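Heads up, input_2.txt below (compact mmCIF, C-alpha atoms):
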```txt
# COMPACT_ATOMS: atom_id res chain seq x y z
CA MET A 1 103.29 98.53 128.47
CA ASN A 2 106.23 100.95 128.67
CA ILE A 3 107.36 100.97 125.06
CA TYR A 4 110.50 103.02 125.65
CA SER A 5 111.66 100.69 128.43
CA ILE A 6 111.25 97.68 126.14
CA LEU A 7 113.25 99.36 123.39
CA GLN A 8 115.88 100.56 125.85
CA GLN A 9 116.46 97.00 127.05
CA THR A 10 116.64 95.49 123.54
CA ASP A 11 119.98 94.41 122.06
CA ARG A 12 120.16 93.37 118.42
CA LEU A 13 122.71 92.89 115.67
CA ARG A 14 123.66 96.19 114.02
CA ILE A 15 124.12 95.91 110.26
CA SER A 16 127.05 98.31 109.96
CA ASP A 17 129.49 96.35 112.14
CA ARG A 18 127.80 93.03 113.04
CA GLU A 19 127.93 94.01 116.72
CA ILE A 20 125.11 93.06 119.08
CA VAL A 21 124.39 96.32 120.88
CA PRO A 22 121.41 98.19 122.37
CA ILE A 23 119.25 99.43 119.50
CA LEU A 24 119.09 102.85 121.17
CA SER A 25 122.85 103.21 121.51
CA GLY A 26 124.00 106.62 120.32
CA CYS A 27 120.54 108.14 120.81
CA GLU A 28 121.12 109.76 124.20
CA SER A 29 121.17 113.36 122.97
CA ALA A 30 118.46 113.07 120.31
CA LYS A 31 115.89 115.88 120.35
CA GLN A 32 113.37 113.38 119.03
CA LEU A 33 113.77 109.64 118.61
CA LEU A 34 111.98 107.80 115.83
CA VAL A 35 111.96 104.01 116.19
CA ILE A 36 110.53 101.96 113.33
CA VAL A 37 109.93 98.27 113.89
CA CYS A 38 109.28 96.98 110.40
CA PRO A 39 108.28 93.63 108.87
CA GLN A 40 110.60 91.47 106.76
CA LEU A 41 113.24 93.64 105.10
CA GLY A 42 111.94 92.31 101.79
CA ASP A 43 108.41 93.47 102.57
CA PHE A 44 106.71 96.20 100.49
CA ASP A 45 106.25 98.31 103.62
CA SER A 46 109.88 98.15 104.74
CA LEU A 47 111.27 99.19 101.36
CA GLU A 48 108.72 101.95 100.83
CA TYR A 49 109.16 103.32 104.36
CA ALA A 50 112.95 103.47 103.86
CA TRP A 51 112.39 105.34 100.58
CA TRP A 52 110.36 108.00 102.39
CA LEU A 53 112.94 108.32 105.16
CA GLN A 54 115.68 108.83 102.58
CA ARG A 55 113.55 111.36 100.74
CA GLU A 56 113.07 113.40 103.94
CA ARG A 57 116.51 112.75 105.44
CA GLN A 58 117.49 116.43 105.43
CA GLN A 59 114.21 117.38 107.13
CA LEU A 60 114.81 114.75 109.79
CA ALA A 61 118.31 116.08 110.45
CA GLU A 62 117.09 119.68 110.65
CA ARG A 63 114.45 118.70 113.20
CA GLY A 64 116.97 116.77 115.27
CA VAL A 65 115.22 113.44 114.73
CA THR A 66 117.39 110.37 115.32
CA VAL A 67 116.18 107.26 113.49
CA ARG A 68 116.51 103.60 114.39
CA MET A 69 114.94 100.76 112.42
CA VAL A 70 114.58 97.10 113.40
CA GLY A 71 113.62 94.61 110.69
CA ILE A 72 113.16 90.86 110.30
CA GLY A 73 115.93 89.06 108.43
CA ASP A 74 119.68 88.54 108.80
CA ARG A 75 122.78 90.61 108.12
CA SER A 76 122.87 89.68 104.42
CA ALA A 77 119.28 90.91 104.10
CA GLY A 78 120.21 94.10 105.94
CA LEU A 79 123.20 94.80 103.72
CA LYS A 80 121.13 94.26 100.57
CA PHE A 81 118.35 96.46 101.97
CA CYS A 82 120.77 99.31 102.68
CA GLU A 83 122.46 98.93 99.29
CA PHE A 84 119.15 99.20 97.45
CA THR A 85 117.43 101.89 99.55
CA GLY A 86 120.44 103.93 100.67
CA PHE A 87 119.27 103.54 104.26
CA PRO A 88 122.23 103.99 106.67
CA ALA A 89 123.52 100.63 107.90
CA GLU A 90 124.36 102.12 111.31
CA TRP A 91 120.65 102.87 111.84
CA LEU A 92 119.45 99.36 111.00
CA PHE A 93 119.17 96.38 113.38
CA ILE A 94 118.05 92.80 112.85
CA ASP A 95 115.42 90.81 114.74
CA ARG A 96 115.61 87.35 113.17
CA ASP A 97 112.49 85.88 114.78
CA ALA A 98 110.29 88.92 115.47
CA LYS A 99 110.72 88.78 119.25
CA LEU A 100 110.60 92.55 119.57
CA HIS A 101 107.43 92.63 117.48
CA SER A 102 105.87 90.19 119.91
CA GLN A 103 107.01 92.16 122.95
CA LEU A 104 105.43 95.30 121.50
CA ASP A 105 102.25 93.38 120.67
CA LEU A 106 102.42 94.26 116.98
CA TYR A 107 99.95 92.63 114.60
CA PRO A 108 101.35 89.26 113.47
CA GLY A 109 99.10 89.24 110.43
CA LEU A 110 96.55 86.69 109.34
CA ALA A 111 97.25 83.39 111.09
CA LEU A 112 95.06 80.74 109.50
CA LYS A 113 96.55 77.27 109.97
CA LEU A 114 95.76 74.54 107.49
CA PRO A 115 96.82 71.25 109.10
CA SER A 116 98.16 69.74 105.88
CA LEU A 117 100.61 72.61 105.30
CA SER A 118 103.99 73.44 106.83
CA ILE A 119 104.65 76.66 108.75
CA THR A 120 106.19 78.23 105.65
CA GLN A 121 103.33 77.12 103.39
CA ASN A 122 100.76 78.49 105.83
CA ALA A 123 102.66 81.78 105.92
CA TRP A 124 102.43 82.02 102.13
CA VAL A 125 98.71 81.27 102.13
CA ASN A 126 98.11 83.93 104.75
CA LEU A 127 100.25 86.44 102.88
CA ILE A 128 98.34 85.89 99.64
CA LEU A 129 95.04 86.34 101.47
CA MET A 130 96.31 89.55 103.07
CA CYS A 131 97.35 90.88 99.67
CA ALA A 132 93.73 90.30 98.66
CA GLY A 133 92.61 92.41 101.62
CA ILE A 134 91.62 89.58 103.98
CA GLY A 135 92.86 90.35 107.47
CA SER A 136 94.59 93.39 105.98
CA PRO A 137 92.25 96.41 105.97
CA GLY A 138 93.05 99.15 103.50
CA THR A 139 95.45 97.13 101.36
CA LEU A 140 93.35 97.02 98.20
CA ARG A 141 92.49 100.70 98.50
CA GLU A 142 96.19 101.53 98.84
CA VAL A 143 97.11 99.37 95.84
CA LEU A 144 94.48 101.19 93.78
CA ARG A 145 95.82 104.59 94.89
CA GLY A 146 99.19 103.61 93.45
CA TYR A 147 97.60 103.29 90.00
CA THR A 148 95.05 106.11 90.04
CA GLY A 149 97.25 108.81 91.56
CA ASP A 150 96.67 111.09 94.54
CA ARG A 151 96.46 114.87 94.40
CA SER A 152 96.95 115.10 98.16
CA ALA A 153 100.34 113.37 97.90
CA PRO A 154 103.59 114.92 96.63
CA GLN A 155 105.21 114.19 93.30
CA LEU A 156 107.44 111.13 93.73
CA ILE A 157 109.58 111.01 90.58
CA THR A 158 111.36 114.02 89.11
CA ALA A 159 111.26 114.75 85.38
CA ASP A 160 114.97 113.99 84.91
CA GLU A 161 114.92 110.73 86.91
CA THR A 162 115.03 107.33 85.21
CA VAL A 163 113.14 104.51 86.90
CA ARG A 164 114.13 100.92 86.15
CA ALA A 165 111.33 98.57 87.15
CA GLN A 166 111.49 95.20 85.46
CA PRO A 167 109.88 93.90 83.33
CA LEU A 168 109.12 97.41 82.09
CA PRO A 169 111.71 99.27 80.01
CA PRO A 170 113.46 102.23 81.73
CA ILE A 171 110.94 105.01 82.31
CA GLN A 172 111.95 108.68 82.20
CA GLY A 173 110.29 110.76 84.91
CA SER A 174 109.02 113.24 82.34
CA PHE A 175 106.65 110.50 81.13
CA PHE A 176 104.49 111.07 84.20
CA ASP A 177 104.41 114.82 83.50
CA VAL A 178 102.99 114.10 80.06
CA ALA A 179 100.57 111.52 81.38
CA GLY A 180 99.22 113.43 84.35
CA GLY A 181 100.87 116.76 85.08
CA SER A 182 103.25 117.60 87.92
CA GLY A 183 103.36 118.68 91.54
CA PHE A 184 101.37 115.74 92.90
CA GLN A 185 101.37 111.94 92.77
CA ARG A 186 100.43 111.09 89.18
CA PRO A 187 98.62 107.95 87.95
CA PHE A 188 100.92 104.88 87.92
CA GLU A 189 103.76 106.83 89.60
CA LEU A 190 103.62 105.06 92.97
CA ALA A 191 102.76 101.73 91.31
CA THR A 192 105.95 102.04 89.26
CA LEU A 193 108.08 102.55 92.38
CA ARG A 194 106.39 99.56 94.00
CA LEU A 195 107.04 97.46 90.92
CA ARG A 196 110.71 98.42 91.17
CA ASN A 197 110.74 97.27 94.81
CA MET A 198 109.01 94.02 93.93
CA ALA A 199 111.48 93.28 91.12
CA GLU A 200 114.37 93.91 93.50
CA VAL A 201 113.04 91.54 96.16
CA LEU A 202 111.96 88.74 93.83
CA SER A 203 115.33 88.73 92.08
CA ASN A 204 117.06 88.47 95.49
CA TRP A 205 114.41 86.54 97.42
CA GLN A 206 116.66 84.20 99.40
CA THR A 207 118.75 87.15 100.55
CA TYR A 208 115.85 89.38 101.59
CA VAL A 209 113.73 86.65 103.19
CA PRO A 210 115.96 83.99 104.78
CA ASP A 211 113.04 82.68 106.88
CA PRO A 212 109.52 82.96 105.35
CA SER A 213 107.86 82.04 108.67
CA TYR A 214 107.26 85.73 109.44
CA LEU A 215 105.94 86.87 106.06
CA THR A 216 102.72 88.25 107.52
CA GLN A 217 104.19 90.04 110.55
CA ARG A 218 103.42 93.76 110.58
CA GLY A 219 105.35 96.60 112.18
CA GLY A 220 104.96 99.82 114.10
CA THR A 221 106.24 103.39 114.41
CA PHE A 222 107.11 105.11 117.69
CA LEU A 223 108.19 108.74 118.12
CA PHE A 224 109.62 109.96 121.42
CA ALA A 225 110.23 113.52 122.64
CA ALA A 226 113.49 114.70 124.21
CA ASP A 227 112.31 113.44 127.63
CA ARG A 228 111.43 110.12 125.93
CA GLU A 229 107.71 110.58 126.36
CA LEU A 230 105.87 108.71 123.61
CA ILE A 231 104.27 111.41 121.46
CA TYR A 232 103.17 109.33 118.47
CA GLU A 233 102.65 105.70 117.62
CA HIS A 234 101.21 103.80 114.69
CA ARG A 235 100.62 100.06 114.62
CA ASP A 236 100.31 98.56 111.16
CA GLN A 237 97.08 96.65 110.60
CA GLY A 238 97.78 95.41 107.10
CA ILE A 239 100.07 95.33 104.09
CA LEU A 240 100.82 98.82 102.71
CA GLY A 241 99.56 100.31 105.96
CA PHE A 242 102.79 101.48 107.58
CA ALA A 243 101.44 105.02 108.13
CA ALA A 244 98.20 106.57 109.29
CA ASN A 245 98.37 108.86 106.24
CA MET A 246 99.83 106.94 103.33
CA SER A 247 99.66 110.05 101.13
CA GLN A 248 102.10 111.76 103.51
CA PRO A 249 103.65 108.94 105.59
CA LEU A 250 105.88 111.26 107.64
CA ALA A 251 103.23 113.92 108.26
CA PHE A 252 103.20 113.01 111.97
CA LEU A 253 106.63 114.67 112.32
CA GLY A 254 105.00 118.00 111.62
```
When written as structure tokens, how does the structure in this file appear?
Amino acid sequence: MNIYSILQQTDRLRISDREIVPILSGCESAKQLLVIVCPQLGDFDSLEYAWWLQRERQQLAERGVTVRMVGIGDRSAGLKFCEFTGFPAEWLFIDRDAKLHSQLDLYPGLALKLPSLSITQNAWVNLILMCAGIGSPGTLREVLRGYTGDRSAPQLITADETVRAQPLPPIQGSFFDVAGGSGFQRPFELATLRLRNMAEVLSNWQTYVPDPSYLTQRGGTFLFAADRELIYEHRDQGILGFAANMSQPLAFLG
């Protein structure tokens, strides 16, 4: 499978202008090309990955890394995603029915089929099972890390930042300093950011997930050098598994 050739031949709807164009348009002179094929735009992984990319946006620019992301949804989902995460709309493309995911042979997720249930109902059952770690290795461990903290991960919330994660009251970043110190990922810090993401999606569910059929579909990350040789890839095997090193999801760039 020539991954770059598949991506090069893929046209999708671009969020910024609603045009159907090659997803690699404008990438010709990139020193490095980072292509992220993510799950539903309302998925935990998609929102969290975008957060990390925004956090390291200056580093990406300094290294000459051009980013393109393809997610499952529609333009309304893409606009909401960019509004919430700050992810640039000109970098984001839509794959409504996960055709690119299939072409790249990305993990579709658990696919149990109960004959009495509809496609959407089966998708929900499989998603719930994956959240419990079935057919989704590492998910429970990653959920636990969000609550217990991680000294090998960077601090995620600054002392002067206010996090609004319903149903919790607004939380000042200094709270985590008092509770666990500073300079690393403190207990409950990542879980709070994930709760904020979950509240955002659930309050705008129909927008983020226009078609629940692909709830379990996982994504992948592909990094190409200047000559477009594939120098890194990661294929998600479960929920909250969008990176080989979840403590430092963009460590592969170094």
Closest of A:Leu193, A:Ala159, A:Asp95, A:Ile3 to Val178 in chain A - atom-to-atom distances counting all atoms listed in the file: A:Ala159
Selection near range 105-120 of chain A, 9 Å with all atoms listed in the file, sequence-local residues under 3 positions removed, as a list in words: Leu100, His101, Ser102, Ala123, Trp124, Val125, Asn126, Leu127, Leu129, Met130, Ile134, Gly135, Ser136, Asp211, Pro212, Ser213, Tyr214, Leu215, Thr216, Gln217, Arg218, Gly219, Gly220, Arg235, Asp236, Gln237, Gly238 and Ile239 of chain A
Kindly save the residues from that selection, with C-alpha atoms included, as a short mmCIF file (atom, residue, chain, number, x, y, z; two decimals), in the coordinates of the input.
```cif
data_model
loop_
_atom_site.label_atom_id
_atom_site.label_comp_id
_atom_site.auth_asym_id
_atom_site.auth_seq_id
_atom_site.Cartn_x
_atom_site.Cartn_y
_atom_site.Cartn_z
CA LEU A 100 110.60 92.55 119.57
CA HIS A 101 107.43 92.63 117.48
CA SER A 102 105.87 90.19 119.91
CA ALA A 123 102.66 81.78 105.92
CA TRP A 124 102.43 82.02 102.13
CA VAL A 125 98.71 81.27 102.13
CA ASN A 126 98.11 83.93 104.75
CA LEU A 127 100.25 86.44 102.88
CA LEU A 129 95.04 86.34 101.47
CA MET A 130 96.31 89.55 103.07
CA ILE A 134 91.62 89.58 103.98
CA GLY A 135 92.86 90.35 107.47
CA SER A 136 94.59 93.39 105.98
CA ASP A 211 113.04 82.68 106.88
CA PRO A 212 109.52 82.96 105.35
CA SER A 213 107.86 82.04 108.67
CA TYR A 214 107.26 85.73 109.44
CA LEU A 215 105.94 86.87 106.06
CA THR A 216 102.72 88.25 107.52
CA GLN A 217 104.19 90.04 110.55
CA ARG A 218 103.42 93.76 110.58
CA GLY A 219 105.35 96.60 112.18
CA GLY A 220 104.96 99.82 114.10
CA ARG A 235 100.62 100.06 114.62
CA ASP A 236 100.31 98.56 111.16
CA GLN A 237 97.08 96.65 110.60
CA GLY A 238 97.78 95.41 107.10
CA ILE A 239 100.07 95.33 104.09
#
```
Residue list as a list in words for point (115.7, 108.5, 101.4), cut-off 6 Å, all atoms listed in the file: Trp51, Trp52, Leu53, Gln54, Arg55 and Arg57 of chain A
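Among the candidate residues A:Ala191, A:Ala243, A:Ala225, A:Leu168, the one lying nearest to Tyr4 in chain A is A:Ala225, with distances computed using all atoms listed in the file.
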Polymer residues at most 9 Å from range 15-20 of chain A, only C-alpha atoms, same-chain spacing of 2 or more positions, as number ranges by chain: A: 11-13, 22-23, 74-76, 78-79, 82, 88-94
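The gap separating CA of Leu250 in chain A from CA of Ile36 in chain A is 11.9 Å, in Å to one decimal.
For the set A:Ala244, A:Asp97, A:Phe222, A:Glu189, the residue with the smallest atom-to-atom gap to Val37 in chain A is A:Phe222, counting all atoms listed in the file.
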Minimum-distance residue to Leu156 in chain A, chosen among A:Ala77, A:Ile171, A:Leu190, A:Cys131 (using all atoms listed in the file):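 Distance minimum relative to Leu156 in chain A lands on A:Leu190.
Of the residues under consideration (A:Arg228, A:Arg68, A:Lys80, A:His234), A:Arg68 shows the shortest atom-to-atom contact distance to Arg14 in chain A when counting all atoms listed in the file.
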Surrounding residues of Gly64 in chain A excluding itself and chain neighbours under 2 positions, 10 Å, only C-alpha atoms, as a list in words: Ser29, Ala30, Lys31, Gln32, Leu33, Gln58, Gln59, Leu60, Ala61, Glu62, Thr66, Val67 and Ala226 of chain A
Separation of CA of Arg145 in chain A from CA of Gly181 in chain A in Å: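 Straight-line distance from CA of Gly181 in chain A to CA of Arg145 in chain A works out to 16.4 Å.
CA of Leu104 in chain A is found 7.8 Å from CA of Ile6 in chain A.
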Given only C-alpha atoms as the counted atoms, nearest of A:Ala153, A:Leu140, A:Met246, A:Leu41 to Val201 in chain A: A:Leu41
Close residues, Ser247 in chain A itself excluded, 8 Å, all atoms listed in the file, min 4 positions apart in chain, as number ranges by chain: A: 150, 152-154
Selection: 9 Å around Thr192 in chain A, all atoms listed in the file, excl. self and same-chain fewer than 3 positions, as a PyMOL selection string: chain A and resi 146-147+163-165+188-189+195-197
